[in-house]
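Following: one structure in structure tokens, then a few remarks.
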Amino acid sequence: MSTLLWILTGILAYTAAAMWLRNRGYLPDSVRVSGPLTTIHTRRGRAFLDRLSGPKRAWRVVANLGLGGALVAMVGSFVLIVSTGISALAATQPSAVQQPQNFLIIPGVNEFLPLSVAGEIVAGLAIAMVVHEGAHGLLCRVEGIDIESMGLVLFAAIPVGAFVQPDEEATQEVSRGARARMFAAGVTANTLLTIVVFALLFGPVVGAISVAPGYAVGEVNPGSPAAAADIA
């Protein structure tokens, strides 16, 4: 059985079990199921965001800078998507990158993402989601918008998203600029996180890598003393 078939079977089994638990009333009110999607709602963390939002003027300055960057990124992303689509249509022979399964960020299905790196991918997505949605929640409190709930979105028990649910009436009562800063906060936070990660990667991480002493052996002759010593 192929990896994709195993994954589809697991998704169907999870969906059936989750919907059975929902229909029987075994799930708490904070857990909501809609097919293979499960959302977990909580009101915890709002006090922390209230404390973190103390320097409101500083946060607004950062958010305004991020808002300009988000507009530039939006235009750039649109141009990139259009140019990529044109290139894909013009290509006479599609490459491996353009295969349908390689558009999915699913280890084992995507040819460039083996199952051995599934843990790292999930951890990276979790960090990015927490930072992204945490920034939305932070700017909600900076602009005086109440937060009804926060939580995670699971696809067949795999975290694929997070959310902050602001109060709709409070969102409409604030100024247009406040709403724009709040909506752009996630992109701003992820951009800052990317800058920090690349600074660490090309700074202390690369600096800590050293060349191992000795010679690299790519191949040995069968039956030789080197082969008997497992040098390869």
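Order determines the names: the first chain of the structure tokens is A, the second B, and so forth; residues in each chain are numbered 1 upward, and ligands are numbered 1 upward as they are shown.
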Using only C-alpha atoms, what does the table of range 44-138 of chain A residues within 7 Å of range 142-161 of chain A look like, with each row giving the shortest atom pair and its distance in Å to one decimal, sorted by chain and ascending number, as JSON lines?
{"residue": "A:Ser53", "atom": "CA", "partner": "A:Val142", "partner_atom": "CA", "distance": 5.4}
{"residue": "A:Lys56", "atom": "CA", "partner": "A:Val142", "partner_atom": "CA", "distance": 5.5}
{"residue": "A:Met129", "atom": "CA", "partner": "A:Gly161", "partner_atom": "CA", "distance": 6.2}
{"residue": "A:Leu138", "atom": "CA", "partner": "A:Val142", "partner_atom": "CA", "distance": 6.2}
Please report, as JSON lines, each residue of range 68-138 of chain A lying at most 12 Å from range 197-211 of chain A, together with the nearest pair of atoms and the separation in Å rounded to one decimal; use only C-alpha atoms, and order rows by chain and ascending residue number.
{"residue": "A:Gly124", "atom": "CA", "partner": "A:Val197", "partner_atom": "CA", "distance": 11.2}
{"residue": "A:Ile127", "atom": "CA", "partner": "A:Val197", "partner_atom": "CA", "distance": 11.7}
{"residue": "A:Ala128", "atom": "CA", "partner": "A:Val197", "partner_atom": "CA", "distance": 11.3}
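Between CA of Leu113 in chain A and CA of Gln99 in chain A the interatomic distance comes to 13.5 Å.
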| message | When DSSP is applied to the backbone of this structure, which of range 1-226 of chain A are assigned helix (DSSP H, G or I)? Write them out as a ChimeraX atom specification. | response | /A:3-24,46-52,56-90,96-98,100-103,115-142,168-173,176-207,225-226
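The gap separating CA of Arg60 in chain A from CA of Ala178 in chain A is 8.7 Å, in Å to one decimal.
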| Per DSSP on the backbone, what are the strand (DSSP E) residues of range 158-196 of chain A, as a PyMOL selection string? | chain A and resi 158-166
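CA of Cys140 in chain A is positioned 14.2 Å from CA of Asn64 in chain A.
Of the residues under consideration (A:Thr191, A:Thr15, A:Asn110, A:Ser224), A:Thr191 shows the shortest atom-to-atom contact distance to Ala135 in chain A when counting only C-alpha atoms.
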